[in-house]
file query_2.cif (mmCIF, C-alpha atoms and all ligand atoms)
data_work
loop_
_atom_site.label_atom_id
_atom_site.label_comp_id
_atom_site.auth_asym_id
_atom_site.auth_seq_id
_atom_site.Cartn_x
_atom_site.Cartn_y
_atom_site.Cartn_z
CA MET J 1 0.00 0.00 0.00
CA SER J 2 1.33 3.48 -0.85
CA ASP J 3 1.70 6.37 1.60
CA THR J 4 -0.99 8.35 -0.24
CA PRO J 5 -3.82 9.15 2.17
CA LEU J 6 -6.88 7.01 1.54
CA VAL J 7 -10.36 8.45 1.30
CA PRO J 8 -12.66 6.00 3.06
CA PRO J 9 -16.04 5.03 1.60
CA SER J 10 -18.76 7.60 2.26
CA SER J 11 -21.21 6.50 4.93
CA VAL J 12 -23.44 9.60 5.19
CA VAL J 13 -24.29 11.07 1.79
CA LEU J 14 -26.16 14.23 0.89
CA VAL J 15 -28.09 13.94 -2.39
CA SER J 16 -29.60 17.06 -3.94
CA GLY J 17 -32.71 16.53 -6.05
CA GLY J 18 -33.37 13.13 -4.49
CA SER J 19 -37.14 13.25 -4.92
CA ARG J 20 -37.58 11.63 -8.34
CA GLY J 21 -35.77 10.49 -11.47
CA LEU J 22 -32.09 9.68 -11.18
CA GLY J 23 -31.78 11.33 -7.74
CA LEU J 24 -34.43 9.05 -6.24
CA ALA J 25 -32.75 6.02 -7.85
CA ILE J 26 -29.41 7.08 -6.27
CA VAL J 27 -31.02 7.52 -2.83
CA THR J 28 -32.69 4.09 -3.06
CA ASP J 29 -29.49 2.40 -4.19
CA LEU J 30 -27.38 3.97 -1.42
CA LEU J 31 -29.93 2.89 1.19
CA ASP J 32 -29.77 -0.66 -0.19
CA ALA J 33 -25.98 -0.44 0.25
CA GLY J 34 -26.41 0.46 3.93
CA VAL J 35 -25.51 4.14 3.56
CA LYS J 36 -27.25 6.92 5.52
CA VAL J 37 -28.79 9.46 3.16
CA ALA J 38 -29.90 13.07 3.47
CA ALA J 39 -31.96 14.07 0.44
CA PHE J 40 -33.81 17.22 -0.53
CA ALA J 41 -35.72 18.77 -3.40
CA ARG J 42 -38.18 21.65 -3.57
CA THR J 43 -40.97 19.11 -3.04
CA VAL J 44 -40.74 15.89 -1.05
CA THR J 45 -42.51 13.36 -3.26
CA PRO J 46 -44.54 10.46 -1.82
CA GLU J 47 -41.75 8.10 -3.00
CA LEU J 48 -39.09 9.96 -1.02
CA ALA J 49 -41.40 10.33 2.02
CA LYS J 50 -41.97 6.56 1.89
CA LEU J 51 -38.22 5.89 2.06
CA ALA J 52 -37.94 8.27 5.03
CA GLU J 53 -40.70 6.32 6.75
CA ALA J 54 -39.15 2.95 5.93
CA TYR J 55 -35.67 3.94 7.18
CA PRO J 56 -36.27 6.44 10.02
CA ASP J 57 -32.73 6.03 11.40
CA ARG J 58 -30.95 6.29 8.06
CA VAL J 59 -32.82 8.91 6.04
CA HIS J 60 -33.30 12.63 6.49
CA VAL J 61 -35.45 14.43 3.91
CA GLY J 62 -36.64 17.97 3.44
CA ALA J 63 -38.17 20.49 1.05
CA VAL J 64 -35.31 22.81 0.13
CA ASP J 65 -34.59 24.90 -2.94
CA VAL J 66 -30.92 24.35 -3.78
CA THR J 67 -30.61 28.03 -4.77
CA ASP J 68 -31.56 29.05 -1.21
CA LEU J 69 -28.16 28.74 0.46
CA PRO J 70 -29.28 29.46 4.07
CA ALA J 71 -32.01 26.80 3.68
CA ALA J 72 -29.49 24.31 2.30
CA GLN J 73 -27.13 25.12 5.20
CA ALA J 74 -29.92 24.59 7.76
CA PHE J 75 -30.84 21.28 6.08
CA LEU J 76 -27.21 20.10 6.21
CA ARG J 77 -26.94 20.96 9.93
CA ALA J 78 -30.20 19.16 10.74
CA ALA J 79 -29.13 16.15 8.66
CA GLU J 80 -25.78 15.94 10.48
CA GLU J 81 -27.47 16.18 13.88
CA ARG J 82 -29.65 13.25 12.92
CA LEU J 83 -27.35 11.04 10.82
CA GLY J 84 -23.83 12.10 11.78
CA PRO J 85 -21.20 14.00 9.78
CA VAL J 86 -21.76 14.06 6.02
CA ASP J 87 -18.81 12.55 4.14
CA GLY J 88 -20.31 12.31 0.67
CA LEU J 89 -22.13 14.71 -1.64
CA VAL J 90 -24.02 14.03 -4.86
CA ASN J 91 -24.83 17.22 -6.76
CA ASN J 92 -27.77 15.91 -8.77
CA ALA J 93 -30.48 18.60 -8.63
CA ALA J 94 -30.83 20.46 -11.90
CA VAL J 95 -33.38 21.94 -14.23
CA GLY J 96 -33.55 21.18 -17.95
CA GLN J 97 -34.15 23.34 -20.97
CA ASP J 98 -36.08 23.03 -24.20
CA SER J 99 -35.67 26.31 -26.04
CA MET J 100 -33.43 27.70 -28.75
CA HIS J 101 -30.89 30.10 -27.24
CA THR J 102 -32.29 33.10 -29.11
CA HIS J 103 -35.73 32.34 -27.67
CA THR J 104 -34.61 31.75 -24.08
CA SER J 105 -35.36 34.68 -21.78
CA THR J 106 -32.62 36.25 -19.67
CA ALA J 107 -34.63 35.19 -16.61
CA ASP J 108 -34.62 31.57 -17.80
CA ILE J 109 -30.89 31.62 -18.52
CA ALA J 110 -30.29 33.05 -15.03
CA ARG J 111 -32.51 30.37 -13.44
CA ILE J 112 -30.72 27.53 -15.26
CA VAL J 113 -27.26 28.87 -14.36
CA GLU J 114 -28.27 29.58 -10.75
CA THR J 115 -29.76 26.09 -10.23
CA ASN J 116 -27.31 23.94 -12.18
CA LEU J 117 -24.00 25.75 -11.66
CA THR J 118 -23.99 28.47 -8.96
CA ALA J 119 -26.03 26.50 -6.39
CA PRO J 120 -23.99 23.27 -6.62
CA LEU J 121 -20.78 25.30 -6.32
CA HIS J 122 -22.19 26.91 -3.14
CA LEU J 123 -23.40 23.58 -1.75
CA THR J 124 -20.05 21.95 -2.50
CA ARG J 125 -18.20 24.78 -0.74
CA LEU J 126 -20.46 24.37 2.29
CA VAL J 127 -20.02 20.61 2.50
CA VAL J 128 -16.27 20.67 1.83
CA ARG J 129 -15.71 23.36 4.49
CA ARG J 130 -17.58 21.27 7.05
CA MET J 131 -15.70 18.12 6.08
CA LEU J 132 -12.30 19.80 6.21
CA GLY J 133 -13.21 21.69 9.42
CA GLY J 134 -14.07 18.37 11.03
CA GLY J 135 -10.82 16.82 9.78
CA ARG J 136 -12.80 14.43 7.60
CA ARG J 137 -12.11 13.05 4.17
CA GLY J 138 -14.93 12.60 1.70
CA ARG J 139 -16.18 12.10 -1.79
CA ILE J 140 -18.07 14.29 -4.20
CA VAL J 141 -19.96 13.17 -7.29
CA ASN J 142 -21.34 15.75 -9.70
CA VAL J 143 -24.08 14.55 -12.02
CA THR J 144 -23.38 16.37 -15.27
CA SER J 145 -24.42 15.34 -18.77
CA ILE J 146 -23.23 14.23 -22.16
CA CYS J 147 -24.45 17.70 -23.22
CA ALA J 148 -21.25 19.09 -21.69
CA GLN J 149 -19.23 17.24 -24.35
CA ARG J 150 -21.50 17.08 -27.40
CA GLY J 151 -23.78 19.69 -28.92
CA PHE J 152 -27.58 19.43 -28.70
CA PRO J 153 -29.94 22.11 -30.03
CA GLY J 154 -32.28 23.59 -27.43
CA LEU J 155 -29.85 22.98 -24.58
CA VAL J 156 -27.33 25.83 -24.82
CA ALA J 157 -27.56 27.27 -21.29
CA TYR J 158 -28.05 23.79 -19.78
CA SER J 159 -24.96 22.48 -21.60
CA ALA J 160 -22.94 25.47 -20.39
CA THR J 161 -23.80 24.67 -16.77
CA LYS J 162 -22.88 21.01 -17.14
CA GLY J 163 -19.59 21.89 -18.83
CA GLY J 164 -18.93 24.27 -15.95
CA MET J 165 -19.46 21.49 -13.42
CA ASP J 166 -17.14 19.14 -15.38
CA ALA J 167 -14.45 21.83 -15.27
CA ALA J 168 -15.05 22.51 -11.56
CA THR J 169 -14.73 18.76 -10.89
CA ARG J 170 -11.19 18.68 -12.27
CA SER J 171 -9.99 21.82 -10.49
CA LEU J 172 -11.54 20.86 -7.14
CA ALA J 173 -9.95 17.41 -7.34
CA ARG J 174 -6.55 19.07 -7.72
CA GLU J 175 -7.24 21.74 -5.11
CA LEU J 176 -8.22 19.23 -2.44
CA GLY J 177 -4.94 17.41 -2.81
CA GLY J 178 -6.28 13.90 -2.38
CA ARG J 179 -8.18 14.62 0.85
CA MET J 180 -11.33 14.09 -1.16
CA LEU J 181 -12.14 12.26 -4.36
CA VAL J 182 -14.09 14.53 -6.71
CA ASN J 183 -15.61 13.09 -9.86
CA ALA J 184 -18.49 13.57 -12.27
CA VAL J 185 -20.85 11.13 -13.92
CA ALA J 186 -22.17 12.27 -17.30
CA PRO J 187 -25.22 10.25 -18.35
CA GLY J 188 -26.65 10.13 -21.83
CA PHE J 189 -30.35 10.88 -22.22
CA PHE J 190 -32.66 8.80 -20.02
CA ALA J 191 -36.41 8.92 -19.50
CA SER J 192 -37.42 11.30 -16.70
CA GLU J 193 -39.51 14.39 -16.09
CA MET J 194 -36.57 16.46 -17.35
CA SER J 195 -36.24 14.66 -20.69
CA ALA J 196 -40.02 14.34 -21.21
CA VAL J 197 -39.81 17.47 -23.37
CA LEU J 198 -37.86 15.56 -26.02
CA GLY J 199 -40.04 14.32 -28.87
CA SER J 200 -40.11 10.68 -29.96
CA THR J 201 -38.18 11.61 -33.15
CA GLN J 202 -35.30 12.99 -31.08
CA LEU J 203 -35.32 9.99 -28.74
CA ASP J 204 -35.43 7.53 -31.69
CA GLN J 205 -32.47 9.36 -33.22
CA ILE J 206 -30.47 9.00 -30.00
CA VAL J 207 -31.31 5.29 -29.76
CA ARG J 208 -30.25 4.75 -33.40
CA ARG J 209 -26.91 6.40 -32.63
CA THR J 210 -26.37 4.23 -29.55
CA PRO J 211 -24.42 0.98 -30.09
CA THR J 212 -26.09 -0.65 -27.07
CA GLY J 213 -29.43 0.08 -28.74
CA HIS J 214 -31.35 1.71 -25.92
CA LEU J 215 -31.56 4.94 -23.97
CA THR J 216 -29.52 4.99 -20.80
CA GLU J 217 -31.49 3.82 -17.76
CA PRO J 218 -31.07 5.43 -14.31
CA ASP J 219 -30.30 1.91 -13.04
CA GLU J 220 -27.26 1.88 -15.36
CA VAL J 221 -25.97 5.12 -13.83
CA VAL J 222 -26.45 4.47 -10.11
CA PRO J 223 -23.77 1.73 -9.80
CA VAL J 224 -21.19 4.20 -11.12
CA VAL J 225 -22.25 6.83 -8.59
CA ARG J 226 -22.13 4.21 -5.83
CA MET J 227 -18.68 3.04 -6.96
CA LEU J 228 -17.32 6.58 -6.82
CA LEU J 229 -18.76 7.06 -3.32
CA ARG J 230 -17.98 3.67 -1.87
CA GLU J 231 -15.25 1.73 -3.63
CA HIS J 232 -11.53 1.93 -3.00
CA THR J 233 -10.23 3.45 -6.23
CA ASN J 234 -7.79 6.14 -7.27
CA ILE J 235 -10.33 7.74 -9.62
CA ASN J 236 -10.17 11.50 -9.06
CA GLY J 237 -11.02 14.53 -11.19
CA GLN J 238 -12.68 12.39 -13.87
CA VAL J 239 -15.88 12.63 -15.84
CA ILE J 240 -17.30 9.16 -16.46
CA VAL J 241 -19.71 9.02 -19.40
CA VAL J 242 -22.56 6.51 -19.18
CA ASP J 243 -24.31 6.61 -22.55
CA GLY J 244 -23.81 3.26 -24.29
CA ALA J 245 -21.23 4.92 -26.59
CA ALA J 246 -23.88 7.13 -28.21
CA SER J 247 -21.39 9.99 -28.16
CA VAL J 248 -18.29 8.05 -29.19
N1 LIG C 1 -32.86 13.05 -17.98
C1 LIG C 1 -31.82 13.05 -18.77
O1 LIG C 1 -31.90 12.69 -19.95
C2 LIG C 1 -30.48 13.47 -18.23
C3 LIG C 1 -29.34 13.25 -19.01
C4 LIG C 1 -28.09 13.59 -18.54
C5 LIG C 1 -27.97 14.16 -17.29
N2 LIG C 1 -29.09 14.39 -16.53
C6 LIG C 1 -28.88 14.97 -15.22
O2 LIG C 1 -29.28 14.03 -14.24
C7 LIG C 1 -29.73 14.72 -13.06
C8 LIG C 1 -31.12 14.23 -12.68
O3 LIG C 1 -31.99 14.52 -13.76
P1 LIG C 1 -33.43 13.81 -13.93
O4 LIG C 1 -33.62 13.54 -15.36
O5 LIG C 1 -33.58 12.74 -12.92
O6 LIG C 1 -34.36 15.09 -13.60
P2 LIG C 1 -35.75 15.23 -12.86
O7 LIG C 1 -36.55 13.98 -12.92
O8 LIG C 1 -36.35 16.50 -13.39
O9 LIG C 1 -35.29 15.44 -11.34
C9 LIG C 1 -34.60 16.60 -10.95
C10 LIG C 1 -34.49 16.62 -9.44
O10 LIG C 1 -33.89 17.86 -9.05
C11 LIG C 1 -34.78 18.55 -8.18
N3 LIG C 1 -34.63 19.99 -8.36
C12 LIG C 1 -34.79 20.73 -9.48
N4 LIG C 1 -34.62 22.03 -9.21
C13 LIG C 1 -34.33 22.11 -7.88
C14 LIG C 1 -34.07 23.17 -7.00
N5 LIG C 1 -34.08 24.46 -7.40
N6 LIG C 1 -33.82 22.90 -5.69
C15 LIG C 1 -33.82 21.61 -5.24
N7 LIG C 1 -34.06 20.57 -6.04
C16 LIG C 1 -34.33 20.81 -7.34
C17 LIG C 1 -36.18 18.04 -8.57
O11 LIG C 1 -37.15 18.22 -7.54
P3 LIG C 1 -38.07 19.56 -7.44
O12 LIG C 1 -38.47 19.93 -8.84
O13 LIG C 1 -39.23 19.17 -6.55
O14 LIG C 1 -37.22 20.60 -6.81
C18 LIG C 1 -35.86 16.57 -8.75
O15 LIG C 1 -35.74 15.93 -7.51
C19 LIG C 1 -29.66 16.21 -13.41
O16 LIG C 1 -28.44 16.75 -12.93
C20 LIG C 1 -29.68 16.22 -14.92
O17 LIG C 1 -29.09 17.38 -15.44
C21 LIG C 1 -30.32 14.06 -16.97
#

call {"tool": "encode", "arguments": {"input": "query_2.cif", "output": "structure tokens", "more": "lines below"}}
Ligand SMILES: NC(=O)c1ccc[n+]([C@@H]2O[C@H](COP(=O)([O-])OP(=O)(O)OC[C@H]3O[C@@H](n4cnc5c(N)ncnc54)[C@H](OP(=O)(O)O)[C@@H]3O)[C@@H](O)[C@H]2O)c1
result
Amino acid sequence: MSDTPLVPPSSVVLVSGGSRGLGLAIVTDLLDAGVKVAAFARTVTPELAKLAEAYPDRVHVGAVDVTDLPAAQAFLRAAEERLGPVDGLVNNAAVGQDSMHTHTSTADIARIVETNLTAPLHLTRLVVRRMLGGGRRGRIVNVTSICAQRGFPGLVAYSATKGGMDAATRSLARELGGRMLVNAVAPGFFASEMSAVLGSTQLDQIVRRTPTGHLTEPDEVVPVVRMLLREHTNINGQVIVVDGAASV
């Protein structure tokens, strides 16, 4: 074994946007793996409330807007009081887009950037400061998108935010000097409320371009998130694409 400090598996993980879609799948998977999970979204869905009921000692949920930093801070404090110190963060909450750039209002661009880029940077800063202040090591997984690497019409501002998070992933991994493992997972398109705006022609096109012959499933993304949070690896500062080679 080398002298490089090891980052132990995360045992208390904060998941933003854990109420539905991929976020809910990540929360469910981490609970199955025995992890304690704090999850928030603007609305606590019945599915998330059910998990909180089923695992009262291992789940903390709340209705928090990720752009409301004081609310996110209060949620983190309450979660730590209940579950113990957070040593893992999944930045998953995001809003989508379905509008040509020239037809996207300045307010909409601001909302997309605030939710998908500014807020996760703030949340990450908050969590990392608490981890470092407590002398803890930890892991961070940013859920970005294939849109950060390939062009898609109607997703200009959204793609910019995801590219920003990919870039932040690399710099934070270097800045933290191995005390934390910081990575991103970039899924291809999968069925969810966010992607429901895509027409069947667009989805068929993506499937045709995908060697594995189907849209990515959330269940094909969650093991990668779990691996980055839990397994002993030296993966750091990377963006792992999960899209069946659609973009290759
Ligand atoms: N679907 C795709 O094809 C696809 C492809 C690549 C990457 N991704 C990425 O995968 C992640 C999950 O996407 P998804 O498809 O599962 O989306 P989704 O079904 O729309 O879920 C998004 C989650 O984020 C929460 N959220 C949104 N705005 C929020 C805010 N201001 N504050 C707190 N929570 C907020 C939502 O809950 P509330 O609305 O109640 O707040 C929900 O829990 C996102 O980062 C997305 O960019 C998606």

call {"tool": "residues_around", "arguments": {"input": "query_2.cif", "residues": "segment 175-177 of chain J", "least_positions_apart": "6", "cutoff": "10 Å", "atoms": "only C-alpha atoms", "output": "list in words"}}
result
Pro5, Val128, Leu132, Arg137 and Thr169 of chain J

call {"tool": "residues_near_ligand", "arguments": {"input": "query_2.cif", "ligand": "ligand LIG 1 (chain C)", "cutoff": "7 Å", "atoms": "all atoms listed in the file", "output": "JSON, numbers by chain"}}
result
{"J": [16, 17, 18, 19, 20, 21, 22, 23, 40, 41, 42, 43, 44, 64, 65, 66, 67, 92, 93, 94, 95, 96, 115, 143, 144, 145, 146, 186, 187, 188, 189, 190, 191, 192, 193, 194, 195]}

call {"tool": "closest_residue", "arguments": {"input": "query_2.cif", "among": "J:Leu155, J:Arg139, J:Gly164, J:Leu69", "to": "Asn116 of chain J", "atoms": "all atoms listed in the file"}}
result
J:Gly164

call {"tool": "residues_around", "arguments": {"input": "query_2.cif", "residues": "Lys162 of chain J", "least_positions_apart": "3", "cutoff": "6 Å", "atoms": "all atoms listed in the file", "output": "list of chain:residue names"}}
result
J:Thr144, J:Ala148, J:Ser159, J:Met165

call {"tool": "residues_around", "arguments": {"input": "query_2.cif", "residues": "Val61 of chain J", "least_positions_apart": "4", "cutoff": "7 Å", "atoms": "only C-alpha atoms", "output": "number ranges by chain"}}
result
J: 38-40, 52
